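Trainee: I'm passing along work-v1.pdb; it holds PDB, C-alpha atoms.
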```pdb
ATOM      1  CA  MET A  21      -3.571  29.351 -92.060
ATOM      2  CA  VAL A  22      -2.874  32.423 -89.898
ATOM      3  CA  ASP A  23      -0.517  31.702 -87.004
ATOM      4  CA  ALA A  24      -1.749  32.615 -83.527
ATOM      5  CA  ASP A  25       0.487  34.553 -81.172
ATOM      6  CA  LEU A  26      -0.231  33.241 -77.672
ATOM      7  CA  GLY A  27       1.069  36.525 -76.291
ATOM      8  CA  GLU A  28      -2.139  38.113 -77.579
ATOM      9  CA  VAL A  29      -4.249  36.359 -74.955
ATOM     10  CA  GLY A  30      -5.376  38.365 -71.911
ATOM     11  CA  ARG A  31      -4.923  41.953 -70.781
ATOM     12  CA  THR A  32      -7.886  43.020 -72.900
ATOM     13  CA  PRO A  33      -9.148  46.627 -72.976
ATOM     14  CA  LEU A  34     -11.762  48.102 -70.656
ATOM     15  CA  VAL A  35     -14.049  50.677 -72.282
ATOM     16  CA  GLU A  36     -16.803  52.892 -70.880
ATOM     17  CA  LEU A  37     -20.281  52.161 -72.231
ATOM     18  CA  ASP A  38     -23.183  54.536 -72.660
ATOM     19  CA  ALA A  39     -25.815  52.147 -71.302
ATOM     20  CA  GLY A  40     -28.370  54.862 -70.464
ATOM     21  CA  VAL A  41     -28.277  54.116 -66.722
ATOM     22  CA  ALA A  42     -27.062  56.009 -63.655
ATOM     23  CA  PRO A  43     -24.221  53.615 -62.686
ATOM     24  CA  THR A  44     -20.922  53.759 -64.519
ATOM     25  CA  VAL A  45     -20.772  50.760 -66.885
ATOM     26  CA  TYR A  46     -17.596  49.355 -68.389
ATOM     27  CA  GLY A  47     -17.245  46.655 -71.011
ATOM     28  CA  LYS A  48     -14.294  44.262 -71.105
ATOM     29  CA  ALA A  49     -13.678  43.876 -74.837
ATOM     30  CA  GLU A  50     -12.664  40.231 -75.109
ATOM     31  CA  TRP A  51     -12.381  40.151 -78.890
ATOM     32  CA  PHE A  52      -8.953  41.713 -78.347
ATOM     33  CA  ASN A  53      -7.725  38.213 -77.532
ATOM     34  CA  PHE A  54      -6.084  37.334 -80.880
ATOM     35  CA  ALA A  55      -7.222  40.711 -82.183
ATOM     36  CA  SER A  56      -4.758  40.612 -85.076
ATOM     37  CA  LEU A  57      -6.166  37.403 -86.569
ATOM     38  CA  GLY A  58      -9.339  38.745 -88.181
ATOM     39  CA  HIS A  59     -12.787  37.086 -88.195
ATOM     40  CA  GLY A  60     -13.839  39.417 -85.390
ATOM     41  CA  GLY A  61     -10.657  38.765 -83.416
ATOM     42  CA  GLY A  62     -10.928  36.288 -80.570
ATOM     43  CA  SER A  63     -13.354  36.037 -77.686
ATOM     44  CA  VAL A  64     -13.585  35.502 -73.957
ATOM     45  CA  LYS A  65     -13.193  31.795 -74.797
ATOM     46  CA  THR A  66      -9.688  32.406 -76.126
ATOM     47  CA  ARG A  67      -8.545  32.525 -72.515
ATOM     48  CA  ILE A  68      -9.910  29.072 -71.728
ATOM     49  CA  GLY A  69      -8.695  27.592 -75.018
ATOM     50  CA  ALA A  70      -5.143  28.615 -74.193
ATOM     51  CA  ALA A  71      -5.450  27.590 -70.524
ATOM     52  CA  MET A  72      -6.954  24.158 -71.194
ATOM     53  CA  LEU A  73      -4.330  23.239 -73.775
ATOM     54  CA  ALA A  74      -1.490  24.558 -71.622
ATOM     55  CA  ALA A  75      -2.738  22.350 -68.782
ATOM     56  CA  ALA A  76      -3.035  19.368 -71.134
ATOM     57  CA  ALA A  77       0.520  19.895 -72.353
ATOM     58  CA  ALA A  78       1.813  20.138 -68.778
ATOM     59  CA  ARG A  79       0.205  16.762 -67.993
ATOM     60  CA  GLY A  80       1.787  15.187 -71.055
ATOM     61  CA  ASP A  81      -1.593  14.659 -72.723
ATOM     62  CA  LEU A  82      -0.392  16.328 -75.902
ATOM     63  CA  ASP A  83       2.756  14.221 -76.271
ATOM     64  CA  GLY A  84       2.943  12.652 -79.700
ATOM     65  CA  ASP A  85       0.588  13.427 -82.559
ATOM     66  CA  ARG A  86      -2.813  13.105 -80.877
ATOM     67  CA  THR A  87      -5.667  15.158 -82.322
ATOM     68  CA  ILE A  88      -7.376  17.749 -80.147
ATOM     69  CA  LEU A  89     -11.171  17.377 -80.091
ATOM     70  CA  GLU A  90     -13.635  19.896 -78.638
ATOM     71  CA  ALA A  91     -17.369  20.597 -78.631
ATOM     72  CA  SER A  92     -18.367  24.224 -79.015
ATOM     73  CA  SER A  93     -21.077  26.567 -80.193
ATOM     74  CA  GLY A  94     -18.227  28.362 -81.934
ATOM     75  CA  ASN A  95     -16.028  30.627 -79.824
ATOM     76  CA  THR A  96     -14.246  27.938 -77.808
ATOM     77  CA  GLY A  97     -13.883  25.972 -81.025
ATOM     78  CA  ALA A  98     -12.126  28.884 -82.710
ATOM     79  CA  ALA A  99      -9.884  29.339 -79.673
ATOM     80  CA  VAL A 100      -8.933  25.656 -79.426
ATOM     81  CA  ALA A 101      -8.388  25.478 -83.190
ATOM     82  CA  ARG A 102      -6.054  28.466 -83.175
ATOM     83  CA  VAL A 103      -4.119  27.507 -80.049
ATOM     84  CA  GLY A 104      -3.944  23.834 -81.046
ATOM     85  CA  ALA A 105      -2.563  24.750 -84.466
ATOM     86  CA  ALA A 106       0.013  27.046 -82.851
ATOM     87  CA  MET A 107       1.101  24.061 -80.720
ATOM     88  CA  GLY A 108       1.458  21.877 -83.818
ATOM     89  CA  HIS A 109      -1.592  19.634 -83.425
ATOM     90  CA  ASP A 110      -4.453  18.631 -85.680
ATOM     91  CA  VAL A 111      -7.794  19.813 -84.301
ATOM     92  CA  GLU A 112     -11.387  18.697 -84.789
ATOM     93  CA  ILE A 113     -14.287  20.844 -83.594
ATOM     94  CA  VAL A 114     -17.872  19.604 -83.214
ATOM     95  CA  VAL A 115     -20.345  22.487 -83.648
ATOM     96  CA  PRO A 116     -24.076  22.979 -84.227
ATOM     97  CA  ASP A 117     -24.838  23.690 -87.858
ATOM     98  CA  ASP A 118     -26.194  27.147 -86.993
ATOM     99  CA  ALA A 119     -22.944  28.365 -85.425
ATOM    100  CA  GLY A 120     -22.094  31.974 -86.324
ATOM    101  CA  ARG A 121     -20.428  32.226 -89.707
ATOM    102  CA  GLY A 122     -17.576  34.331 -88.353
ATOM    103  CA  LYS A 123     -16.804  31.630 -85.784
ATOM    104  CA  VAL A 124     -16.857  28.888 -88.404
ATOM    105  CA  GLU A 125     -14.558  30.890 -90.651
ATOM    106  CA  ALA A 126     -12.089  31.371 -87.788
ATOM    107  CA  ILE A 127     -12.062  27.610 -87.161
ATOM    108  CA  ARG A 128     -11.509  26.890 -90.850
ATOM    109  CA  ASP A 129      -8.773  29.523 -91.033
ATOM    110  CA  ALA A 130      -6.874  27.554 -88.384
ATOM    111  CA  ASP A 131      -7.088  24.443 -90.624
ATOM    112  CA  ALA A 132      -9.219  22.555 -88.108
ATOM    113  CA  GLU A 133     -11.712  19.922 -89.223
ATOM    114  CA  LEU A 134     -15.349  20.787 -88.563
ATOM    115  CA  ARG A 135     -18.012  18.264 -87.650
ATOM    116  CA  PHE A 136     -21.521  19.714 -87.827
ATOM    117  CA  VAL A 137     -24.485  18.513 -85.766
ATOM    118  CA  ASP A 138     -28.111  19.403 -86.485
ATOM    119  CA  ALA A 139     -28.907  22.366 -84.208
ATOM    120  CA  THR A 140     -32.584  21.397 -84.054
ATOM    121  CA  GLU A 141     -31.587  18.380 -81.966
ATOM    122  CA  GLY A 142     -30.892  20.768 -79.086
ATOM    123  CA  TYR A 143     -27.915  22.313 -77.316
ATOM    124  CA  ASP A 144     -26.739  19.029 -75.862
ATOM    125  CA  ALA A 145     -26.540  17.227 -79.218
ATOM    126  CA  PHE A 146     -23.151  18.522 -80.316
ATOM    127  CA  VAL A 147     -21.714  17.911 -76.846
ATOM    128  CA  THR A 148     -23.054  14.344 -76.898
ATOM    129  CA  ARG A 149     -21.568  13.707 -80.348
ATOM    130  CA  CYS A 150     -18.180  14.988 -79.225
ATOM    131  CA  ARG A 151     -18.226  12.705 -76.182
ATOM    132  CA  GLU A 152     -19.116   9.765 -78.423
ATOM    133  CA  LEU A 153     -16.152  10.463 -80.695
ATOM    134  CA  ALA A 154     -13.786  10.759 -77.736
ATOM    135  CA  ALA A 155     -15.055   7.449 -76.298
ATOM    136  CA  GLU A 156     -14.827   5.654 -79.636
ATOM    137  CA  ARG A 157     -11.145   6.520 -80.140
ATOM    138  CA  PRO A 158      -9.632   7.364 -76.747
ATOM    139  CA  GLY A 159      -6.041   6.878 -77.887
ATOM    140  CA  GLU A 160      -6.441   9.193 -80.840
ATOM    141  CA  TYR A 161      -8.108  12.218 -79.275
ATOM    142  CA  VAL A 162      -7.334  14.647 -76.493
ATOM    143  CA  TYR A 163     -10.666  16.098 -75.339
ATOM    144  CA  PRO A 164     -10.187  19.214 -73.158
ATOM    145  CA  ASN A 165     -13.967  19.416 -72.485
ATOM    146  CA  GLN A 166     -14.682  23.031 -71.591
ATOM    147  CA  TYR A 167     -17.781  21.946 -69.651
ATOM    148  CA  GLU A 168     -15.783  20.000 -67.063
ATOM    149  CA  ASN A 169     -12.267  21.409 -67.292
ATOM    150  CA  ARG A 170     -11.111  23.158 -64.112
ATOM    151  CA  ALA A 171      -8.770  25.340 -66.157
ATOM    152  CA  ASN A 172     -11.881  27.102 -67.502
ATOM    153  CA  PRO A 173     -12.977  28.981 -64.352
ATOM    154  CA  ALA A 174      -9.389  28.986 -63.052
ATOM    155  CA  VAL A 175      -8.080  31.159 -65.884
ATOM    156  CA  HIS A 176     -10.792  33.753 -65.225
ATOM    157  CA  ALA A 177     -10.009  33.691 -61.505
ATOM    158  CA  GLY A 178      -6.333  34.195 -62.303
ATOM    159  CA  THR A 179      -6.561  36.712 -65.162
ATOM    160  CA  THR A 180      -9.970  38.186 -66.045
ATOM    161  CA  GLY A 181     -11.048  39.010 -62.495
ATOM    162  CA  PRO A 182      -7.737  40.543 -61.393
ATOM    163  CA  GLU A 183      -7.560  42.546 -64.629
ATOM    164  CA  ILE A 184     -11.006  44.036 -63.929
ATOM    165  CA  TRP A 185      -9.964  44.959 -60.394
ATOM    166  CA  ALA A 186      -6.737  46.596 -61.575
ATOM    167  CA  GLN A 187      -8.280  48.378 -64.566
ATOM    168  CA  THR A 188     -10.998  49.962 -62.391
ATOM    169  CA  ASP A 189      -8.498  50.801 -59.623
ATOM    170  CA  GLY A 190     -10.611  48.668 -57.297
ATOM    171  CA  GLU A 191     -13.744  50.753 -57.978
ATOM    172  CA  VAL A 192     -15.818  47.897 -59.455
ATOM    173  CA  THR A 193     -18.865  46.995 -57.342
ATOM    174  CA  ARG A 194     -20.824  44.678 -59.688
ATOM    175  CA  PHE A 195     -20.045  42.115 -62.372
ATOM    176  CA  VAL A 196     -22.872  41.094 -64.717
ATOM    177  CA  ALA A 197     -22.618  38.311 -67.316
ATOM    178  CA  GLY A 198     -24.411  35.436 -69.002
ATOM    179  CA  ALA A 199     -23.889  31.766 -68.166
ATOM    180  CA  GLY A 200     -22.758  29.227 -70.747
ATOM    181  CA  THR A 201     -20.216  26.905 -69.200
ATOM    182  CA  GLY A 202     -20.301  29.314 -66.260
ATOM    183  CA  GLY A 203     -16.524  29.602 -66.347
ATOM    184  CA  THR A 204     -16.397  33.384 -66.689
ATOM    185  CA  LEU A 205     -18.946  34.008 -63.934
ATOM    186  CA  VAL A 206     -17.453  31.483 -61.529
ATOM    187  CA  GLY A 207     -13.848  32.491 -62.139
ATOM    188  CA  VAL A 208     -14.460  36.228 -61.896
ATOM    189  CA  SER A 209     -16.558  35.601 -58.791
ATOM    190  CA  ARG A 210     -13.666  33.786 -57.128
ATOM    191  CA  ALA A 211     -11.433  36.784 -57.771
ATOM    192  CA  LEU A 212     -13.842  39.621 -56.987
ATOM    193  CA  ARG A 213     -16.462  38.504 -54.468
ATOM    194  CA  PRO A 214     -13.881  38.335 -51.650
ATOM    195  CA  ARG A 215     -13.248  42.007 -52.440
ATOM    196  CA  GLY A 216     -16.904  42.897 -51.959
ATOM    197  CA  VAL A 217     -18.035  42.785 -55.591
ATOM    198  CA  ARG A 218     -21.530  41.388 -56.187
ATOM    199  CA  VAL A 219     -21.918  39.003 -59.128
ATOM    200  CA  HIS A 220     -25.097  38.814 -61.212
ATOM    201  CA  GLY A 221     -25.643  36.095 -63.803
ATOM    202  CA  TYR A 222     -28.330  35.457 -66.365
ATOM    203  CA  GLU A 223     -29.434  32.647 -68.634
ATOM    204  CA  PRO A 224     -32.076  32.377 -71.372
ATOM    205  CA  PRO A 225     -35.562  31.556 -70.037
ATOM    206  CA  ALA A 226     -35.942  28.479 -72.271
ATOM    207  CA  THR A 227     -33.807  25.969 -74.152
ATOM    208  CA  ASP A 228     -35.105  27.376 -77.444
ATOM    209  CA  HIS A 229     -33.072  30.584 -77.728
ATOM    210  CA  ASP A 230     -30.481  32.287 -79.905
ATOM    211  CA  VAL A 231     -28.162  33.947 -77.417
ATOM    212  CA  ALA A 232     -25.143  32.099 -78.744
ATOM    213  CA  GLY A 233     -22.988  30.283 -76.219
ATOM    214  CA  LEU A 234     -25.429  30.531 -73.318
ATOM    215  CA  LYS A 235     -27.389  27.722 -71.670
ATOM    216  CA  HIS A 236     -30.779  27.396 -70.063
ATOM    217  CA  MET A 237     -30.112  25.208 -67.015
ATOM    218  CA  HIS A 238     -33.323  25.352 -64.984
ATOM    219  CA  ASP A 239     -35.393  22.664 -66.710
ATOM    220  CA  PRO A 240     -35.501  19.220 -65.037
ATOM    221  CA  GLY A 241     -32.845  17.037 -66.636
ATOM    222  CA  ALA A 242     -31.086  19.974 -68.308
ATOM    223  CA  PHE A 243     -27.379  19.643 -68.954
ATOM    224  CA  VAL A 244     -25.594  21.691 -66.286
ATOM    225  CA  PRO A 245     -21.830  22.022 -66.869
ATOM    226  CA  GLU A 246     -19.597  20.922 -64.015
ATOM    227  CA  THR A 247     -17.811  24.259 -64.378
ATOM    228  CA  PHE A 248     -20.940  26.109 -63.239
ATOM    229  CA  GLU A 249     -21.430  26.814 -59.529
ATOM    230  CA  ALA A 250     -24.742  28.468 -58.654
ATOM    231  CA  ASP A 251     -23.465  29.612 -55.261
ATOM    232  CA  ALA A 252     -20.770  31.687 -56.964
ATOM    233  CA  LEU A 253     -23.510  34.165 -57.889
ATOM    234  CA  ASP A 254     -25.340  36.679 -55.750
ATOM    235  CA  ALA A 255     -28.332  36.492 -58.098
ATOM    236  CA  ARG A 256     -29.381  34.743 -61.314
ATOM    237  CA  GLU A 257     -32.082  35.966 -63.710
ATOM    238  CA  TYR A 258     -33.489  35.359 -67.188
ATOM    239  CA  VAL A 259     -32.949  37.421 -70.360
ATOM    240  CA  ASP A 260     -34.601  36.275 -73.583
ATOM    241  CA  THR A 261     -33.203  36.407 -77.107
ATOM    242  CA  GLU A 262     -35.189  39.385 -78.371
ATOM    243  CA  THR A 263     -34.254  41.459 -75.329
ATOM    244  CA  ALA A 264     -30.575  40.633 -75.824
ATOM    245  CA  TYR A 265     -30.886  41.587 -79.498
ATOM    246  CA  GLU A 266     -32.654  44.852 -78.642
ATOM    247  CA  TYR A 267     -29.792  45.883 -76.369
ATOM    248  CA  VAL A 268     -27.267  45.013 -79.089
ATOM    249  CA  ARG A 269     -29.162  47.459 -81.308
ATOM    250  CA  ARG A 270     -29.449  49.977 -78.470
ATOM    251  CA  LEU A 271     -25.689  49.943 -77.835
ATOM    252  CA  ARG A 272     -25.048  50.449 -81.546
ATOM    253  CA  ARG A 273     -27.427  53.445 -81.634
ATOM    254  CA  ARG A 274     -26.145  55.048 -78.418
ATOM    255  CA  HIS A 275     -22.533  54.877 -79.635
ATOM    256  CA  ALA A 276     -23.194  55.894 -83.229
ATOM    257  CA  ASP A 277     -22.029  59.482 -82.700
ATOM    258  CA  ARG A 278     -20.260  59.095 -79.381
ATOM    259  CA  GLU A 279     -16.568  58.542 -78.910
ATOM    260  CA  ILE A 280     -16.026  55.480 -76.756
ATOM    261  CA  ARG A 281     -13.730  56.239 -73.845
ATOM    262  CA  VAL A 282     -10.996  53.680 -73.315
ATOM    263  CA  ARG A 283     -10.434  53.395 -69.573
ATOM    264  CA  ASP A 284      -7.509  51.000 -70.041
ATOM    265  CA  SER A 285      -6.167  49.742 -73.366
ATOM    266  CA  GLY A 286      -4.665  46.583 -71.880
ATOM    267  CA  GLN A 287      -1.778  45.176 -73.858
ATOM    268  CA  TRP A 288      -2.703  47.190 -76.945
ATOM    269  CA  SER A 289      -2.116  50.810 -77.946
ATOM    270  CA  HIS A 290      -5.027  53.239 -77.661
ATOM    271  CA  GLU A 291      -4.842  53.715 -81.429
ATOM    272  CA  PHE A 292      -5.217  49.994 -82.122
ATOM    273  CA  VAL A 293      -8.060  49.657 -79.640
ATOM    274  CA  ARG A 294      -9.972  52.484 -81.292
ATOM    275  CA  SER A 295      -9.412  50.926 -84.723
ATOM    276  CA  GLU A 296     -10.828  47.553 -83.610
ATOM    277  CA  LEU A 297     -13.751  48.713 -81.463
ATOM    278  CA  ARG A 298     -16.022  49.249 -84.439
ATOM    279  CA  VAL A 299     -17.053  47.314 -87.534
ATOM    280  CA  GLY A 300     -17.410  49.648 -90.494
ATOM    281  CA  GLY A 301     -17.924  52.502 -88.056
ATOM    282  CA  GLU A 302     -20.601  50.635 -86.047
ATOM    283  CA  PHE A 303     -20.194  49.495 -82.436
ATOM    284  CA  LEU A 304     -21.386  45.891 -82.639
ATOM    285  CA  VAL A 305     -21.208  43.571 -79.657
ATOM    286  CA  GLY A 306     -22.263  39.918 -79.564
ATOM    287  CA  PRO A 307     -25.701  38.815 -78.295
ATOM    288  CA  SER A 308     -24.570  37.776 -74.818
ATOM    289  CA  ALA A 309     -23.154  41.265 -74.198
ATOM    290  CA  GLY A 310     -26.529  42.700 -75.189
ATOM    291  CA  GLY A 311     -28.159  40.455 -72.611
ATOM    292  CA  ALA A 312     -25.746  41.565 -69.908
ATOM    293  CA  VAL A 313     -26.464  45.252 -70.566
ATOM    294  CA  ALA A 314     -30.196  44.474 -70.544
ATOM    295  CA  LEU A 315     -29.780  43.003 -67.069
ATOM    296  CA  VAL A 316     -27.819  46.070 -65.930
ATOM    297  CA  ASP A 317     -30.724  48.250 -67.116
ATOM    298  CA  ARG A 318     -33.202  46.024 -65.270
ATOM    299  CA  LEU A 319     -31.184  46.214 -62.047
ATOM    300  CA  ALA A 320     -30.968  49.999 -62.337
ATOM    301  CA  SER A 321     -34.692  50.333 -63.086
ATOM    302  CA  ARG A 322     -35.686  48.565 -59.893
ATOM    303  CA  GLY A 323     -33.103  50.375 -57.764
ATOM    304  CA  ALA A 324     -30.848  47.396 -57.127
ATOM    305  CA  ILE A 325     -27.894  49.420 -58.421
ATOM    306  CA  ASP A 326     -27.488  53.200 -58.472
ATOM    307  CA  ALA A 327     -25.186  56.041 -59.451
ATOM    308  CA  GLY A 328     -22.623  54.971 -56.873
ATOM    309  CA  ASP A 329     -22.082  51.600 -58.537
ATOM    310  CA  VAL A 330     -19.363  50.726 -61.023
ATOM    311  CA  VAL A 331     -20.517  47.813 -63.156
ATOM    312  CA  VAL A 332     -18.382  45.674 -65.471
ATOM    313  CA  VAL A 333     -19.840  43.445 -68.162
ATOM    314  CA  PRO A 334     -17.836  41.203 -70.478
ATOM    315  CA  LEU A 335     -18.107  41.901 -74.188
ATOM    316  CA  PRO A 336     -17.370  38.261 -75.058
ATOM    317  CA  ASP A 337     -17.108  38.732 -78.819
ATOM    318  CA  ARG A 338     -17.693  41.224 -81.603
ATOM    319  CA  GLY A 339     -20.845  41.329 -83.692
ATOM    320  CA  ASP A 340     -19.169  40.468 -86.988
ATOM    321  CA  ARG A 341     -18.977  36.874 -85.768
ATOM    322  CA  TYR A 342     -22.745  36.750 -86.457
ATOM    323  CA  PRO A 343     -23.247  38.307 -89.905
ATOM    324  CA  GLU A 344     -26.310  36.143 -90.564
ATOM    325  CA  ARG A 345     -28.098  37.140 -87.336
ATOM    326  CA  GLU A 346     -30.792  39.813 -87.496
ATOM    327  CA  PRO A 347     -29.100  42.580 -85.404
ATOM    328  CA  TYR A 348     -26.010  42.483 -87.637
ATOM    329  CA  ALA A 349     -27.294  41.666 -91.110
ATOM    330  CA  ASP A 350     -27.415  45.305 -92.249
ATOM    331  CA  TYR A 351     -23.946  46.142 -90.931
ATOM    332  CA  VAL A 352     -21.738  43.133 -91.658
ATOM    333  CA  GLU A 353     -21.123  41.770 -95.128
TER     334      GLU A 353
END
```
Give the structure from this file in structure tokens form.
Mentor:
Amino acid sequence: MVDADLGEVGRTPLVELDAGVAPTVYGKAEWFNFASLGHGGGSVKTRIGAAMLAAAAARGDLDGDRTILEASSGNTGAAVARVGAAMGHDVEIVVPDDAGRGKVEAIRDADAELRFVDATEGYDAFVTRCRELAAERPGEYVYPNQYENRANPAVHAGTTGPEIWAQTDGEVTRFVAGAGTGGTLVGVSRALRPRGVRVHGYEPPATDHDVAGLKHMHDPGAFVPETFEADALDAREYVDTETAYEYVRRLRRRHADREIRVRDSGQWSHEFVRSELRVGGEFLVGPSAGGAVALVDRLASRGAIDAGDVVVVPLPDRGDRYPEREPYADYVE
């Protein structure tokens, strides 16, 4: 097991992207949470993993030897597994059986127990199974529940949003991101909308998609996380899987021979940031980042944003967390 250093959470780098649009576009490289741990570093979910367990500890929920239980499509699971292990607790993570291999390896590396649920049963199946386990043995498990935990959006309101404001010297005008639990969008919105920043969210157009970590919430009866607040957004749109994948490939191509400018290296040295921005020389971002850049391009194409805008998108994780997915198969072993 590799020990996690909780000091490696937050203050992630901000880098300038060549998105092929008139506005200036920056990416917040969230895999620099736990960047030293391998398996593609951490993710944007590392922030909520640390925040939820810190809140649980403050309430006394982690007193004794209770096991931490969480449902995740992978990134939150890896975060909770690493933070939980660092706090001295056993951890069990319930994941769909098609979770990205890099995420699963990170969970295993933290010595957490994995419980797999058939992904064909739908997005809600692994969440339902986790809730069943928690209900069956309430005295044994502590269930942070990223989909209802107020610490999820709160940590983005308290850290991610203010970091973006500071790293752009208050120049940011738009924030664009996908919706999973909605914690990142809602939290950043709380921090930046009062400062005049417009917030754009997207979700997949159907439940059958492969933009890992995101949710389609528009169907009648769809599971909508309590952490999501539609009125936190100025606009919400759809981006499908193939479009997200195409913009992953487009970002890789556009940065193949271009040095990526680091606007702010966060808590890391510029040298370390440059060493961890690429995988085998390729700039590979996760699918949800591809979707966010696709939406930026769409907004620019219809004139909703222009050269005067400064747009920030999260880069929630690095592409080597998905070595089996089509956009990465040729570049990640």
Trainee: Tell me which of A:Val244, A:Ala98, A:Ala186, A:Ala276 sits closest to Val299 in chain A, counting only C-alpha atoms.
Mentor: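 Answer, going by the shortest atom-to-atom distance: A:Ala276.
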Trainee: Check what the PyMOL selection byres ((chain A and resi 39) around 8) selects in the file above and give those residues as a list in words.
Mentor: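 Output from the PyMOL selection byres ((chain A and resi 39) around 8), applied to this file: Leu37, Asp38, Gly40, Val41, Val45, Leu271, Arg274, Val313 and Asp317 of chain A.
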Trainee: Could you list as a ChimeraX atom specification every residue that has an atom within 12 Å of (-19.5, 26.5, -61.2), using the file's coordinates and counting all atoms listed in the file?
Mentor: /A:166-174,177,199-210,221,244-253
Trainee: For the file shown, what are the residues hit by the PyMOL selection byres ((chain A and resi 141-154) around 12), laid out as a VMD selection string?
Mentor: chain A and resid 86 to 94 97 112 to 119 134 to 140 155 to 168 200 to 201 226 to 237 241 to 245
Trainee: Restrict the selected residues to C-alpha atoms and save them as a short mmCIF file (atom, residue, chain, number, x, y, z; two decimals), in the coordinates of the input.
Mentor:
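Saved file again_6.cif follows:
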```
data_model
loop_
_atom_site.label_atom_id
_atom_site.label_comp_id
_atom_site.auth_asym_id
_atom_site.auth_seq_id
_atom_site.Cartn_x
_atom_site.Cartn_y
_atom_site.Cartn_z
CA ARG A 86 -2.81 13.10 -80.88
CA THR A 87 -5.67 15.16 -82.32
CA ILE A 88 -7.38 17.75 -80.15
CA LEU A 89 -11.17 17.38 -80.09
CA GLU A 90 -13.64 19.90 -78.64
CA ALA A 91 -17.37 20.60 -78.63
CA SER A 92 -18.37 24.22 -79.02
CA SER A 93 -21.08 26.57 -80.19
CA GLY A 94 -18.23 28.36 -81.93
CA GLY A 97 -13.88 25.97 -81.03
CA GLU A 112 -11.39 18.70 -84.79
CA ILE A 113 -14.29 20.84 -83.59
CA VAL A 114 -17.87 19.60 -83.21
CA VAL A 115 -20.34 22.49 -83.65
CA PRO A 116 -24.08 22.98 -84.23
CA ASP A 117 -24.84 23.69 -87.86
CA ASP A 118 -26.19 27.15 -86.99
CA ALA A 119 -22.94 28.36 -85.42
CA LEU A 134 -15.35 20.79 -88.56
CA ARG A 135 -18.01 18.26 -87.65
CA PHE A 136 -21.52 19.71 -87.83
CA VAL A 137 -24.48 18.51 -85.77
CA ASP A 138 -28.11 19.40 -86.48
CA ALA A 139 -28.91 22.37 -84.21
CA THR A 140 -32.58 21.40 -84.05
CA ALA A 155 -15.06 7.45 -76.30
CA GLU A 156 -14.83 5.65 -79.64
CA ARG A 157 -11.14 6.52 -80.14
CA PRO A 158 -9.63 7.36 -76.75
CA GLY A 159 -6.04 6.88 -77.89
CA GLU A 160 -6.44 9.19 -80.84
CA TYR A 161 -8.11 12.22 -79.28
CA VAL A 162 -7.33 14.65 -76.49
CA TYR A 163 -10.67 16.10 -75.34
CA PRO A 164 -10.19 19.21 -73.16
CA ASN A 165 -13.97 19.42 -72.48
CA GLN A 166 -14.68 23.03 -71.59
CA TYR A 167 -17.78 21.95 -69.65
CA GLU A 168 -15.78 20.00 -67.06
CA GLY A 200 -22.76 29.23 -70.75
CA THR A 201 -20.22 26.90 -69.20
CA ALA A 226 -35.94 28.48 -72.27
CA THR A 227 -33.81 25.97 -74.15
CA ASP A 228 -35.10 27.38 -77.44
CA HIS A 229 -33.07 30.58 -77.73
CA ASP A 230 -30.48 32.29 -79.90
CA VAL A 231 -28.16 33.95 -77.42
CA ALA A 232 -25.14 32.10 -78.74
CA GLY A 233 -22.99 30.28 -76.22
CA LEU A 234 -25.43 30.53 -73.32
CA LYS A 235 -27.39 27.72 -71.67
CA HIS A 236 -30.78 27.40 -70.06
CA MET A 237 -30.11 25.21 -67.02
CA GLY A 241 -32.84 17.04 -66.64
CA ALA A 242 -31.09 19.97 -68.31
CA PHE A 243 -27.38 19.64 -68.95
CA VAL A 244 -25.59 21.69 -66.29
CA PRO A 245 -21.83 22.02 -66.87
#
```
Trainee: With all atoms listed in the file as the basis for distance, which of A:Asp284, A:Asp239, A:Glu296, A:Glu36 is at the shortest distance from Asn53 in chain A?
Mentor: A:Glu296
Trainee: Translate the PyMOL selection byres ((chain A and resi 347) around 9) into a concrete residue list for this structure, as a list in words.
Mentor: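 Applied to this file, the PyMOL selection byres ((chain A and resi 347) around 9) returns Tyr265, Glu266, Val268, Arg269, Leu304, Pro307, Gly339, Tyr342, Pro343, Glu344, Arg345, Glu346, Tyr348, Ala349, Asp350 and Tyr351 of chain A.
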Trainee: In Å, rounded to a single decimal, give me how far CA of Leu335 in chain A is from CA of Thr263 in chain A.
Mentor: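 Calculated distance between CA of Thr263 in chain A and CA of Leu335 in chain A is 16.2 Å.
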Trainee: Please report the interatomic distance between CA of Leu73 in chain A and CA of Gly47 in chain A in Å with one decimal.
Mentor: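 So the answer is 26.9 Å.
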Trainee: Nearest to Asp23 in chain A among A:Ala314, A:Ile68, A:Leu57, A:Ala77, with distances taken over all atoms listed in the file: which residue is it?
Mentor: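 Answer, going by the shortest atom-to-atom distance: A:Leu57.
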Trainee: Nearest to Leu212 in chain A among A:Val282, A:Val352, A:Val192, A:Ala197, with distances taken over all atoms listed in the file: which residue is it?
Mentor: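 Ranked by minimum distance to Leu212 in chain A, first place goes to A:Val192.
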